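Trainee: This is the content of data-v1.cif (mmCIF, C-alpha atoms):
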```
data_structure
#
loop_
_atom_site.label_atom_id
_atom_site.label_comp_id
_atom_site.auth_asym_id
_atom_site.auth_seq_id
_atom_site.Cartn_x
_atom_site.Cartn_y
_atom_site.Cartn_z
CA MET F 2 95.50 86.99 109.90
CA GLU F 3 93.25 89.85 110.91
CA LEU F 4 93.70 92.73 108.49
CA PRO F 5 92.92 96.41 109.05
CA ALA F 6 89.68 97.92 107.90
CA VAL F 7 89.53 100.75 105.44
CA CYS F 8 87.57 103.90 106.14
CA SER F 9 86.73 106.64 103.71
CA ALA F 10 85.22 110.08 104.09
CA ARG F 11 85.18 113.37 102.25
CA PHE F 12 86.57 116.54 103.79
CA GLY F 13 86.06 119.45 101.42
CA ASP F 14 87.91 118.59 98.23
CA ASN F 15 89.99 115.81 99.71
CA LEU F 16 89.41 112.09 99.89
CA LEU F 17 90.80 110.58 103.08
CA LEU F 18 91.74 106.92 103.25
CA CYS F 19 92.70 105.48 106.64
CA VAL F 20 94.43 102.13 106.96
CA ARG F 21 95.14 101.41 110.61
CA ASN F 22 96.95 104.55 111.70
CA HIS F 23 98.36 105.39 108.28
CA VAL F 24 96.75 108.36 106.56
CA TYR F 25 96.63 109.00 102.83
CA SER F 26 94.91 111.96 101.25
CA HIS F 27 94.66 113.29 97.75
CA LYS F 28 92.80 116.02 95.93
CA LYS F 29 90.19 115.35 93.32
CA TYR F 30 92.03 114.70 90.09
CA SER F 31 89.36 115.83 87.64
CA LYS F 32 86.07 117.63 87.36
CA ASN F 33 84.26 114.45 86.50
CA LYS F 34 82.34 112.84 89.33
CA ILE F 35 83.00 109.19 90.02
CA THR F 36 80.82 107.18 92.35
CA ILE F 37 82.82 105.58 95.13
CA LYS F 38 81.49 102.99 97.52
CA TYR F 39 82.54 103.81 101.07
CA ILE F 40 83.14 101.28 103.79
CA ARG F 41 82.35 102.26 107.36
CA PRO F 42 85.43 102.17 109.60
CA GLU F 43 85.60 99.42 112.19
CA LYS F 44 86.13 100.10 115.83
CA GLY F 45 89.73 100.51 116.88
CA TYR F 46 91.06 102.33 113.82
CA SER F 47 91.48 106.05 113.54
CA SER F 48 92.86 108.73 111.27
CA LYS F 49 95.66 109.75 113.63
CA SER F 50 99.03 109.71 111.93
CA VAL F 51 101.95 107.65 113.15
CA ARG F 52 104.97 109.22 114.78
CA GLY F 53 107.95 110.12 112.65
CA THR F 54 109.07 112.69 110.16
CA ILE F 55 106.54 113.35 107.40
CA TYR F 56 107.46 114.65 103.97
CA CYS F 57 104.75 116.16 101.78
CA SER F 58 105.28 116.20 98.04
CA ASN F 59 102.71 118.78 96.96
CA GLN F 60 105.15 121.06 95.17
CA GLN F 61 105.18 121.53 91.44
CA GLU F 62 108.05 119.95 89.54
CA ARG F 63 110.05 123.17 89.62
CA ASN F 64 110.10 122.88 93.40
CA ALA F 65 110.68 119.12 93.48
CA GLY F 66 112.83 118.01 96.37
CA LEU F 67 112.99 121.34 98.18
CA PRO F 68 111.74 120.33 101.62
CA SER F 69 114.82 118.21 102.43
CA ASP F 70 114.70 119.36 106.05
CA HIS F 71 111.62 117.17 106.51
CA ILE F 72 113.86 114.10 106.38
CA GLY F 73 116.46 113.92 109.10
CA THR F 74 120.01 113.11 108.10
CA SER F 75 119.81 110.00 110.30
CA ALA F 76 117.01 108.40 108.28
CA LYS F 77 117.92 105.00 106.85
CA VAL F 78 114.60 103.96 105.36
CA ILE F 79 111.74 105.99 103.95
CA TYR F 80 108.56 104.47 102.66
CA ALA F 81 105.12 105.36 101.42
CA ALA F 82 102.06 103.13 101.39
CA ALA F 83 99.18 103.23 98.92
CA PRO F 84 97.14 100.09 99.62
CA ALA F 85 94.34 100.73 97.08
CA MET F 86 91.68 99.33 99.38
CA GLY F 87 88.89 100.00 96.88
CA HIS F 88 90.70 98.21 94.05
CA ASN F 89 89.85 94.67 95.00
CA GLN F 90 88.43 91.40 93.72
CA GLU F 91 87.69 88.73 96.29
CA SER F 92 89.80 85.57 95.97
CA HIS F 93 92.05 87.29 93.43
CA PRO F 94 95.79 86.94 94.22
CA GLU F 95 96.35 90.67 93.64
CA CYS F 96 93.90 91.76 96.34
CA ASN F 97 93.70 94.58 98.87
CA SER F 98 95.11 92.43 101.70
CA ARG F 99 98.65 92.70 100.39
CA VAL F 100 99.87 96.09 101.60
CA PRO F 101 98.03 95.93 104.95
CA ALA F 102 99.68 92.54 105.57
CA ILE F 103 103.07 94.17 105.02
CA LEU F 104 102.26 97.13 107.28
CA THR F 105 101.05 94.78 109.99
CA ALA F 106 104.25 92.74 109.77
CA LEU F 107 106.45 95.85 109.91
CA GLU F 108 104.61 96.99 113.03
CA LYS F 109 104.77 93.55 114.63
CA MET F 110 108.50 93.26 113.91
CA LYS F 111 109.12 96.78 115.25
CA LEU F 112 110.40 98.15 111.96
CA THR F 113 108.31 101.34 111.86
CA SER F 114 109.02 104.85 113.13
CA LYS F 115 107.00 104.06 116.24
CA PHE F 116 109.87 101.82 117.34
CA ARG F 117 112.77 103.20 115.29
CA GLY F 118 112.32 106.94 115.63
CA LEU F 119 113.89 108.90 112.80
CA ASP F 120 115.68 105.88 111.33
CA VAL F 121 112.44 104.91 109.59
CA VAL F 122 110.32 107.63 108.03
CA GLU F 123 106.91 107.26 106.44
CA VAL F 124 106.10 109.71 103.66
CA GLN F 125 102.50 110.83 103.99
CA ASN F 126 100.11 113.20 102.24
CA PHE F 127 101.88 112.66 98.93
CA ARG F 128 100.13 113.91 95.85
CA PRO F 129 98.70 111.53 93.26
CA ALA F 130 100.45 111.45 89.92
CA THR F 131 99.05 113.84 87.34
CA THR F 132 97.79 112.69 83.98
CA ASP F 133 100.89 114.37 82.51
CA ASP F 134 103.04 112.11 84.71
CA ILE F 135 101.15 109.07 83.42
CA ARG F 136 101.31 110.33 79.84
CA SER F 137 105.12 110.26 80.00
CA VAL F 138 104.78 106.47 79.68
CA HIS F 139 101.22 105.63 78.63
CA ALA F 140 99.15 106.60 75.60
CA GLY F 141 96.57 109.35 76.05
CA PRO F 142 93.64 107.28 74.71
CA TYR F 143 94.35 104.57 77.28
CA ILE F 144 94.41 107.06 80.16
CA SER F 145 91.20 108.81 79.15
CA GLY F 146 89.51 105.50 78.32
CA LEU F 147 90.32 104.08 81.75
CA GLU F 148 88.99 107.20 83.46
CA LYS F 149 85.74 106.94 81.51
CA ALA F 150 85.48 103.24 82.35
CA MET F 151 85.11 104.15 86.01
CA TYR F 152 81.46 105.01 85.36
CA GLN F 153 80.86 101.48 84.13
CA ALA F 154 82.77 100.07 87.09
CA SER F 155 80.68 102.09 89.53
CA GLU F 156 77.52 100.58 88.05
CA LYS F 157 78.73 97.00 87.80
CA GLY F 158 81.06 96.99 90.81
CA LEU F 159 83.79 95.15 88.91
CA ILE F 160 84.95 95.16 85.30
CA PHE F 161 87.85 93.65 83.42
CA ILE F 162 89.99 96.13 81.53
CA GLU F 163 92.13 93.70 79.61
CA GLY F 164 90.57 91.38 77.07
CA SER F 165 93.29 88.73 77.22
CA GLY F 166 94.12 88.64 80.91
CA PRO F 167 93.03 89.01 84.52
CA THR F 168 93.36 92.78 85.04
CA TYR F 169 90.27 94.04 86.80
CA ALA F 170 89.00 97.47 87.80
CA THR F 171 86.57 98.89 90.34
CA ALA F 172 85.15 102.38 90.68
CA THR F 173 88.26 103.56 92.53
CA THR F 174 90.92 101.98 90.30
CA PHE F 175 91.79 105.11 88.35
CA GLN F 176 92.20 107.31 91.43
CA GLU F 177 94.09 104.69 93.39
CA SER F 178 96.41 103.97 90.47
CA LEU F 179 97.26 107.68 90.30
CA LEU F 180 97.99 107.57 94.02
CA ALA F 181 100.26 104.53 93.65
CA ALA F 182 102.28 106.23 90.94
CA GLY F 183 102.34 109.41 93.01
CA ALA F 184 103.84 107.57 95.96
CA GLY F 185 106.77 106.50 93.81
CA ILE F 186 107.25 110.02 92.48
CA SER F 187 107.23 111.44 96.02
CA LEU F 188 109.87 108.96 97.12
CA VAL F 189 112.09 109.95 94.20
CA ASP F 190 111.74 113.55 95.41
CA SER F 191 112.61 112.51 98.97
CA VAL F 192 115.65 110.43 98.04
CA VAL F 193 117.03 113.12 95.75
CA ALA F 194 116.52 115.79 98.43
CA ALA F 195 118.23 113.64 101.05
CA SER F 196 121.15 112.88 98.74
CA LYS F 197 121.89 116.60 98.52
CA VAL F 198 122.51 116.87 102.26
CA SER F 199 123.89 113.41 103.05
CA LYS F 200 126.43 111.09 101.49
CA ASP F 201 124.41 108.18 102.85
CA PRO F 202 120.76 108.94 102.02
CA PRO F 203 117.96 106.56 102.99
CA VAL F 204 116.73 103.86 100.65
CA ALA F 205 113.06 104.26 99.77
CA PHE F 206 110.29 101.71 99.32
CA ALA F 207 106.94 102.36 97.64
CA LEU F 208 104.51 99.86 99.20
CA ILE F 209 101.91 100.32 96.52
CA ARG F 210 99.31 98.62 94.40
CA PRO F 211 98.09 98.03 91.77
CA PRO F 212 101.54 96.86 90.64
CA GLY F 213 102.92 98.22 87.40
CA HIS F 214 105.67 96.38 85.54
CA HIS F 215 103.34 94.50 83.15
CA ALA F 216 101.37 97.58 82.08
CA VAL F 217 102.37 98.39 78.51
CA PRO F 218 102.31 101.91 77.05
CA LYS F 219 98.98 101.28 75.33
CA GLY F 220 97.16 99.57 78.17
CA PRO F 221 96.97 97.39 81.29
CA MET F 222 98.19 93.84 81.62
CA GLY F 223 98.78 91.14 84.19
CA PHE F 224 97.20 92.80 87.28
CA CYS F 225 99.00 96.07 86.40
CA VAL F 226 97.31 99.37 85.53
CA PHE F 227 100.00 102.06 85.26
CA GLY F 228 103.76 101.47 85.00
CA ASN F 229 104.70 102.93 88.39
CA ILE F 230 108.45 102.42 88.07
CA ALA F 231 108.54 103.61 84.45
CA ILE F 232 106.62 106.76 85.40
CA ALA F 233 109.07 107.40 88.24
CA ALA F 234 112.02 106.91 85.89
CA ARG F 235 110.72 109.53 83.46
CA TYR F 236 109.96 111.84 86.39
CA ALA F 237 113.51 111.46 87.75
CA GLN F 238 114.86 112.49 84.36
CA ARG F 239 112.44 115.36 83.85
CA ALA F 240 112.22 116.87 87.32
CA HIS F 241 115.68 116.16 88.70
CA GLY F 242 117.93 115.87 85.68
CA LEU F 243 118.90 112.30 86.57
CA LYS F 244 119.53 111.28 82.99
CA ARG F 245 120.78 107.72 83.43
CA VAL F 246 118.35 105.41 85.23
CA PHE F 247 119.19 101.79 86.02
CA ILE F 248 116.14 99.56 86.63
CA ILE F 249 116.47 96.15 88.25
CA ASP F 250 113.41 93.88 88.09
CA PHE F 251 113.65 90.72 90.22
CA ASP F 252 109.97 89.80 90.06
CA VAL F 253 109.54 86.16 88.99
CA HIS F 254 107.63 87.34 85.90
CA HIS F 255 109.19 89.41 83.15
CA GLY F 256 108.48 93.13 83.41
CA ASN F 257 107.33 93.40 79.82
CA GLY F 258 105.71 96.81 80.29
CA THR F 259 108.90 98.44 81.56
CA ASN F 260 110.83 96.57 78.88
CA ASP F 261 108.62 97.99 76.13
CA ALA F 262 108.57 101.54 77.51
CA PHE F 263 112.36 101.91 77.26
CA TYR F 264 113.31 99.44 74.55
CA GLU F 265 114.75 102.16 72.31
CA ASP F 266 116.09 104.42 75.06
CA PRO F 267 119.87 104.36 75.69
CA ASP F 268 119.54 106.36 78.91
CA ILE F 269 117.42 103.84 80.81
CA PHE F 270 118.93 100.41 81.36
CA PHE F 271 116.35 97.73 82.10
CA LEU F 272 117.57 94.46 83.61
CA SER F 273 115.09 91.69 84.36
CA THR F 274 115.62 88.33 86.00
CA HIS F 275 112.59 86.07 85.69
CA GLN F 276 111.48 82.47 85.35
CA ALA F 277 111.83 81.17 81.80
CA GLY F 278 108.50 80.30 80.23
CA SER F 279 106.41 82.07 82.86
CA TYR F 280 103.78 84.75 82.23
CA PRO F 281 103.72 86.72 79.97
CA GLY F 282 106.13 84.69 77.86
CA THR F 283 108.35 87.66 76.97
CA GLY F 284 111.86 88.54 78.09
CA LYS F 285 113.92 86.30 75.84
CA ILE F 286 117.67 86.50 76.31
CA ASP F 287 118.17 87.94 72.82
CA GLN F 288 115.78 90.85 73.45
CA ILE F 289 118.40 93.53 74.11
CA GLY F 290 116.78 96.76 72.94
CA SER F 291 116.65 98.29 69.49
CA GLY F 292 117.80 101.37 67.63
CA SER F 293 119.74 103.74 69.85
CA GLY F 294 118.64 101.65 72.82
CA GLU F 295 120.28 98.45 71.61
CA GLY F 296 122.22 96.94 74.48
CA SER F 297 120.34 98.87 77.18
CA THR F 298 117.91 96.00 77.86
CA LEU F 299 119.13 92.81 79.50
CA ASN F 300 116.77 89.89 79.96
CA LEU F 301 117.90 86.90 81.99
CA PRO F 302 115.33 84.07 81.96
CA LEU F 303 116.31 81.54 84.63
CA PRO F 304 115.13 77.93 84.91
CA GLY F 305 112.46 76.89 87.38
CA GLY F 306 113.95 75.88 90.71
CA SER F 307 116.45 78.75 90.74
CA GLY F 308 117.02 80.06 94.23
CA ASP F 309 119.42 81.85 96.52
CA THR F 310 122.66 80.50 95.04
CA ALA F 311 121.56 81.25 91.49
CA MET F 312 120.55 84.79 92.37
CA ARG F 313 123.82 85.50 94.17
CA LYS F 314 125.71 84.41 91.05
CA VAL F 315 123.47 86.56 88.86
CA PHE F 316 123.99 89.58 91.07
CA ASP F 317 127.77 89.28 91.22
CA GLU F 318 128.36 88.25 87.62
CA VAL F 319 125.65 90.15 85.73
CA ILE F 320 123.94 92.93 87.69
CA VAL F 321 127.06 94.49 89.22
CA PRO F 322 129.16 94.67 86.02
CA CYS F 323 126.19 95.99 84.03
CA ALA F 324 125.51 98.73 86.54
CA GLN F 325 129.18 99.65 86.79
CA ARG F 326 129.44 99.98 83.03
CA PHE F 327 126.21 101.96 82.73
CA LYS F 328 127.13 104.48 85.49
CA PRO F 329 123.58 105.36 86.65
CA ASP F 330 122.38 108.54 88.33
CA ILE F 331 119.71 106.60 90.25
CA ILE F 332 118.72 102.95 90.70
CA LEU F 333 115.05 101.94 90.70
CA VAL F 334 113.94 98.43 91.63
CA SER F 335 110.83 96.47 90.66
CA ALA F 336 110.68 94.39 93.82
CA GLY F 337 108.52 91.36 93.18
CA TYR F 338 108.30 88.82 96.00
CA ASP F 339 106.59 86.12 93.95
CA ALA F 340 109.88 84.29 93.37
CA HIS F 341 109.59 83.07 96.97
CA LEU F 342 109.40 79.32 97.45
CA LEU F 343 105.93 79.63 99.03
CA ASP F 344 104.41 81.86 96.36
CA PRO F 345 101.64 80.13 94.39
CA LEU F 346 102.21 81.72 90.97
CA ALA F 347 105.66 80.42 89.98
CA SER F 348 108.31 77.83 90.78
CA PHE F 349 111.45 79.64 91.92
CA GLN F 350 112.76 78.94 95.41
CA PHE F 351 113.89 82.28 96.77
CA THR F 352 113.75 82.65 100.54
CA THR F 353 113.47 85.68 102.81
CA GLY F 354 117.26 85.41 103.00
CA THR F 355 117.48 85.88 99.22
CA TYR F 356 115.52 89.11 99.48
CA TYR F 357 117.70 90.32 102.35
CA MET F 358 120.76 89.68 100.18
CA LEU F 359 119.26 91.51 97.21
CA ALA F 360 118.24 94.54 99.28
CA SER F 361 121.59 94.78 101.03
CA SER F 362 123.55 94.35 97.80
CA ILE F 363 121.48 96.84 95.80
CA LYS F 364 121.76 99.39 98.60
CA GLN F 365 125.56 99.07 98.48
CA LEU F 366 125.55 99.21 94.67
CA ALA F 367 123.61 102.49 94.76
CA LYS F 368 126.01 103.89 97.35
CA ASP F 369 128.99 102.96 95.18
CA LEU F 370 127.60 104.22 91.88
CA CYS F 371 125.01 106.97 92.32
CA GLY F 372 125.27 108.65 95.70
CA GLY F 373 122.94 106.12 97.34
CA ARG F 374 119.88 107.19 95.34
CA CYS F 375 117.64 104.11 95.24
CA VAL F 376 113.88 103.49 95.30
CA PHE F 377 112.13 100.11 95.49
CA PHE F 378 108.63 99.58 94.06
CA LEU F 379 106.39 96.73 95.17
CA GLU F 380 105.37 94.47 92.31
CA GLY F 381 104.27 90.84 92.84
CA GLY F 382 104.07 88.61 95.90
CA TYR F 383 100.86 86.74 96.64
CA ASN F 384 101.49 84.56 99.67
CA LEU F 385 100.84 87.09 102.44
CA THR F 386 103.21 85.44 104.91
CA SER F 387 106.22 85.16 102.60
CA LEU F 388 105.46 88.60 101.13
CA SER F 389 105.33 90.39 104.47
CA ASN F 390 108.33 88.51 105.93
CA SER F 391 110.41 89.23 102.83
CA VAL F 392 109.59 92.94 102.84
CA ALA F 393 110.48 93.02 106.54
CA GLU F 394 113.85 91.45 105.70
CA THR F 395 114.28 94.10 103.01
CA PHE F 396 113.77 96.78 105.66
CA ARG F 397 116.32 95.10 107.94
CA ALA F 398 118.83 95.13 105.10
CA PHE F 399 118.19 98.83 104.53
CA LEU F 400 118.72 99.45 108.25
CA GLY F 401 122.01 97.55 108.19
CA GLU F 402 120.80 94.98 110.72
CA TRP F 403 121.37 91.26 110.87
CA SER F 404 118.98 89.09 108.90
CA LEU F 405 116.41 87.00 110.75
CA ALA F 406 115.90 84.72 107.75
CA ALA F 407 117.15 81.69 109.66
CA GLU F 408 114.14 82.07 111.95
CA LEU F 409 111.69 82.60 109.09
CA ASP F 410 112.80 80.11 106.43
CA ASP F 411 112.35 76.36 106.48
CA PRO F 412 115.23 74.78 104.50
CA SER F 413 113.47 71.41 104.41
CA TYR F 414 111.32 72.73 101.55
CA LEU F 415 114.32 73.52 99.36
CA HIS F 416 115.69 71.23 96.68
CA GLU F 417 118.78 71.27 94.50
CA GLU F 418 119.03 74.24 92.19
CA PRO F 419 119.72 73.79 88.43
CA LEU F 420 123.06 75.57 88.73
CA ASN F 421 124.61 74.12 85.56
CA LYS F 422 121.78 75.62 83.52
CA VAL F 423 122.10 78.89 85.41
CA LYS F 424 125.83 79.00 84.64
CA GLN F 425 125.18 78.41 80.94
CA ILE F 426 122.61 81.20 80.81
CA ILE F 427 124.94 83.63 82.60
CA GLU F 428 127.74 82.84 80.16
CA LYS F 429 125.40 83.35 77.22
CA VAL F 430 124.20 86.74 78.45
CA LYS F 431 127.80 87.80 79.09
CA HIS F 432 128.63 86.94 75.50
CA ILE F 433 125.60 88.78 74.11
CA HIS F 434 126.32 91.92 76.12
CA SER F 435 130.13 91.71 75.86
CA PHE F 436 131.20 91.80 79.50
#
```
Translate this structure into structure tokens?

Mentor:
Amino acid sequence: MELPAVCSARFGDNLLLCVRNHVYSHKKYSKNKITIKYIRPEKGYSSKSVRGTIYCSNQQERNAGLPSDHIGTSAKVIYAAAPAMGHNQESHPECNSRVPAILTALEKMKLTSKFRGLDVVEVQNFRPATTDDIRSVHAGPYISGLEKAMYQASEKGLIFIEGSGPTYATATTFQESLLAAGAGISLVDSVVAASKVSKDPPVAFALIRPPGHHAVPKGPMGFCVFGNIAIAARYAQRAHGLKRVFIIDFDVHHGNGTNDAFYEDPDIFFLSTHQAGSYPGTGKIDQIGSGSGEGSTLNLPLPGGSGDTAMRKVFDEVIVPCAQRFKPDIILVSAGYDAHLLDPLASFQFTTGTYYMLASSIKQLAKDLCGGRCVFFLEGGYNLTSLSNSVAETFRAFLGEWSLAAELDDPSYLHEEPLNKVKQIIEKVKHIHSF
């Protein structure tokens, strides 16, 4: 697959990143100078923006969500892309090909505003998260230490920022991680604004990296730098008064960072489905929160080989009743696509059809419980074909269109699911959480 080039250039105080025809800009986030290696743009790519409504989230928190007129009432999907082209290690599964592969697939499958008009809106020119935004989840020494480490990264080209795992950094990692978190914040603003003028607001998707759900409050972990979804959850509470936040994490790996950030918080319910025994080894079924947050964390480790049937049962028998009982003000989703059958880092057997089902069902759940306010955040997914096809199916679900999974999935690769074990685990979690 031929992937888009990245081009970079400075215009005054702004750094402009161009990926195909998608434009991202952000102001300098500090007075410190950080050396950034620039790549010359290849022929055929420009900084012209795509067609469609554009929402800019440059307001302060007191003005959050004001420009609702920038999103038409007919919009069904809004998304923002932060591909972090400078944050890259060759041959690493979490590389800078991931988001461009998704954008290319969306364009090829005619799921962008170029083909869909105002049904699909790309949020552009969003601001990066501030250090105060990041500090709502992460420790100050970690944030400042990572910023200082950028000098070392600029000299060496690549450093590892986690002693026990494969989390790397380049000279642009700090800036691009702020931008990723900022994309999620901007989409929260957009969804909240739209929900004030429409009973059927669009679902949002932050196509961002580095991913975030493994990043713990004190540092990075498992390819993740900042907890994007956790930061957005705190922002939703602080800026919009959305007190009760329901987080669904269907990445194949346990979202230990999000788990830890809200383990004692009764107002944020964290629900994770993940493969038992997979990285990072956390997310046991009896880890349910502590203190005032006891009962507001639900971990559901499923056996290897779990697939579409298992996940449908989990959704109907666990996710729906939990959300109904919690009564959220907004639903946020850690959307990991590494549970796909073709993904190299685990052994679930989800298909693109599974992800269509999840997206469609979560959209309806948000409509039933919290005025349709729902934002997805890209987490894992390392086979570029299954990743991009599954995100495309997610968009189709948001649009209310028929799934094309039958054309994308090959059932000959599937084998029998361990449904008896799945049933036992579901019954156990029901008993633990009393529903």

Trainee: Have a look at F:Gln90, F:Gln125, F:Thr131, F:Ser199 and name the one nearest to Ser178 in chain F; count all atoms listed in the file.

Mentor: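 So, comparing all the options, the nearest one is F:Thr131.
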
Trainee: As an exercise, work out the distance from CA of Ile209 in chain F to CA of Asp339 in chain F in Å and give it to one decimal place.

Mentor: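 Between CA of Ile209 in chain F and CA of Asp339 in chain F the gap is 15.2 Å.
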
Trainee: Would you translate the PyMOL selection byres ((chain F and resi 376) around 6) into the concrete set of residues it matches in this file, as a PyMOL selection string?

Mentor: chain F and resi 205-206+333+375+377

Trainee: How would the residues just chosen look if you wrote them out with C-alpha atoms as a tab-separated table (two decimals), keeping the file's coordinate frame?

Mentor:
```tsv
chain	number	residue	atom	x	y	z
F	205	ALA	CA	113.06	104.26	99.77
F	206	PHE	CA	110.29	101.71	99.32
F	333	LEU	CA	115.05	101.94	90.70
F	375	CYS	CA	117.64	104.11	95.24
F	377	PHE	CA	112.13	100.11	95.49
```

Trainee: Would you write out, as a ChimeraX atom specification, every residue that the PyMOL selection byres ((chain F and resi 96) around 12) captures in this file?

Mentor: /F:84-95,97-102,168-171,209-212,224-225,381-385

Trainee: Run the PyMOL selection byres ((chain F and resi 123) around 6) mentally over the shown coordinates, then write out the matched residues as a PDB file with C-alpha atoms, in the coordinates of the input, using the chain letters and numbers from the document.

Mentor:
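The result, written out as result32.pdb:
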```pdb
ATOM      1  CA  ILE F  79     111.740 105.990 103.950  1.00  0.00           C
ATOM      2  CA  TYR F  80     108.560 104.470 102.660  1.00  0.00           C
ATOM      3  CA  ALA F  81     105.120 105.360 101.420  1.00  0.00           C
ATOM      4  CA  VAL F 122     110.320 107.630 108.030  1.00  0.00           C
ATOM      5  CA  VAL F 124     106.100 109.710 103.660  1.00  0.00           C
TER       6      VAL F 124
END
```

Trainee: Determine the nearest neighbour of Gly141 in chain F from the options F:Lys197, F:Arg326, F:His214, F:Lys219, counting all atoms listed in the file.

Mentor: F:Lys219

Trainee: How far is it from CA of Lys364 in chain F to CA of Lys431 in chain F, in Å with one decimal?

Mentor: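 One can read the CA of Lys364 in chain F to CA of Lys431 in chain F distance as 23.5 Å.
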
Trainee: Quick one: everything within 8 Å of Ala106 in chain F, counting only C-alpha atoms, minus sequence neighbours fewer than 2 positions away in the same chain. Send it as a list in words.

Mentor: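 Residues meeting the cut-off are Ala102, Ile103, Leu104, Glu108, Lys109, Met110, Ser389, Asn390 and Ala393 of chain F.
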
Trainee: Using all atoms listed in the file, which of F:Leu400, F:Val392, F:Ile332, F:Ile144 sits nearest Ala233 in chain F?

Mentor: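 Among the listed residues, F:Ile332 lies closest to Ala233 in chain F.
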
Trainee: Taking the structure I provided as the source, export range 104-117 of chain F with N, CA, C and O atoms, as a PDB file, in the first residue's frame.

Mentor:
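The resulting part02.pdb:
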```pdb
ATOM      1  N   LEU F 104      -7.143   6.795   6.715  1.00  0.00           N
ATOM      2  CA  LEU F 104      -7.626   7.905   5.889  1.00  0.00           C
ATOM      3  C   LEU F 104      -7.703   7.504   4.421  1.00  0.00           C
ATOM      4  O   LEU F 104      -8.638   7.886   3.699  1.00  0.00           O
ATOM      5  N   THR F 105      -6.729   6.750   3.963  1.00  0.00           N
ATOM      6  CA  THR F 105      -6.735   6.278   2.587  1.00  0.00           C
ATOM      7  C   THR F 105      -7.931   5.360   2.331  1.00  0.00           C
ATOM      8  O   THR F 105      -8.610   5.454   1.301  1.00  0.00           O
ATOM      9  N   ALA F 106      -8.205   4.472   3.281  1.00  0.00           N
ATOM     10  CA  ALA F 106      -9.339   3.558   3.138  1.00  0.00           C
ATOM     11  C   ALA F 106     -10.668   4.307   3.148  1.00  0.00           C
ATOM     12  O   ALA F 106     -11.573   3.996   2.363  1.00  0.00           O
ATOM     13  N   LEU F 107     -10.799   5.300   4.022  1.00  0.00           N
ATOM     14  CA  LEU F 107     -12.034   6.082   4.068  1.00  0.00           C
ATOM     15  C   LEU F 107     -12.272   6.803   2.749  1.00  0.00           C
ATOM     16  O   LEU F 107     -13.399   6.878   2.251  1.00  0.00           O
ATOM     17  N   GLU F 108     -11.196   7.327   2.171  1.00  0.00           N
ATOM     18  CA  GLU F 108     -11.311   8.004   0.881  1.00  0.00           C
ATOM     19  C   GLU F 108     -11.672   7.000  -0.216  1.00  0.00           C
ATOM     20  O   GLU F 108     -12.567   7.252  -1.038  1.00  0.00           O
ATOM     21  N   LYS F 109     -10.994   5.869  -0.226  1.00  0.00           N
ATOM     22  CA  LYS F 109     -11.235   4.860  -1.245  1.00  0.00           C
ATOM     23  C   LYS F 109     -12.662   4.322  -1.178  1.00  0.00           C
ATOM     24  O   LYS F 109     -13.288   4.046  -2.213  1.00  0.00           O
ATOM     25  N   MET F 110     -13.187   4.185   0.032  1.00  0.00           N
ATOM     26  CA  MET F 110     -14.526   3.644   0.222  1.00  0.00           C
ATOM     27  C   MET F 110     -15.596   4.724   0.231  1.00  0.00           C
ATOM     28  O   MET F 110     -16.744   4.469   0.570  1.00  0.00           O
ATOM     29  N   LYS F 111     -15.193   5.950  -0.116  1.00  0.00           N
ATOM     30  CA  LYS F 111     -16.117   7.079  -0.271  1.00  0.00           C
ATOM     31  C   LYS F 111     -16.887   7.370   1.019  1.00  0.00           C
ATOM     32  O   LYS F 111     -18.104   7.556   1.018  1.00  0.00           O
ATOM     33  N   LEU F 112     -16.138   7.420   2.120  1.00  0.00           N
ATOM     34  CA  LEU F 112     -16.736   7.675   3.423  1.00  0.00           C
ATOM     35  C   LEU F 112     -16.284   9.008   4.012  1.00  0.00           C
ATOM     36  O   LEU F 112     -16.410   9.225   5.211  1.00  0.00           O
ATOM     37  N   THR F 113     -15.768   9.902   3.182  1.00  0.00           N
ATOM     38  CA  THR F 113     -15.329  11.215   3.631  1.00  0.00           C
ATOM     39  C   THR F 113     -16.295  12.289   3.144  1.00  0.00           C
ATOM     40  O   THR F 113     -17.203  12.030   2.339  1.00  0.00           O
ATOM     41  N   SER F 114     -16.094  13.518   3.608  1.00  0.00           N
ATOM     42  CA  SER F 114     -16.978  14.617   3.218  1.00  0.00           C
ATOM     43  C   SER F 114     -16.918  14.902   1.726  1.00  0.00           C
ATOM     44  O   SER F 114     -17.866  15.442   1.153  1.00  0.00           O
ATOM     45  N   LYS F 115     -15.833  14.537   1.087  1.00  0.00           N
ATOM     46  CA  LYS F 115     -15.718  14.719  -0.356  1.00  0.00           C
ATOM     47  C   LYS F 115     -16.837  14.003  -1.082  1.00  0.00           C
ATOM     48  O   LYS F 115     -17.349  14.478  -2.114  1.00  0.00           O
ATOM     49  N   PHE F 116     -17.255  12.858  -0.548  1.00  0.00           N
ATOM     50  CA  PHE F 116     -18.305  12.060  -1.176  1.00  0.00           C
ATOM     51  C   PHE F 116     -19.629  12.151  -0.426  1.00  0.00           C
ATOM     52  O   PHE F 116     -20.685  11.906  -1.007  1.00  0.00           O
ATOM     53  N   ARG F 117     -19.589  12.497   0.853  1.00  0.00           N
ATOM     54  CA  ARG F 117     -20.790  12.463   1.694  1.00  0.00           C
ATOM     55  C   ARG F 117     -21.311  13.835   2.083  1.00  0.00           C
ATOM     56  O   ARG F 117     -22.287  13.933   2.831  1.00  0.00           O
TER      57      ARG F 117
END
```
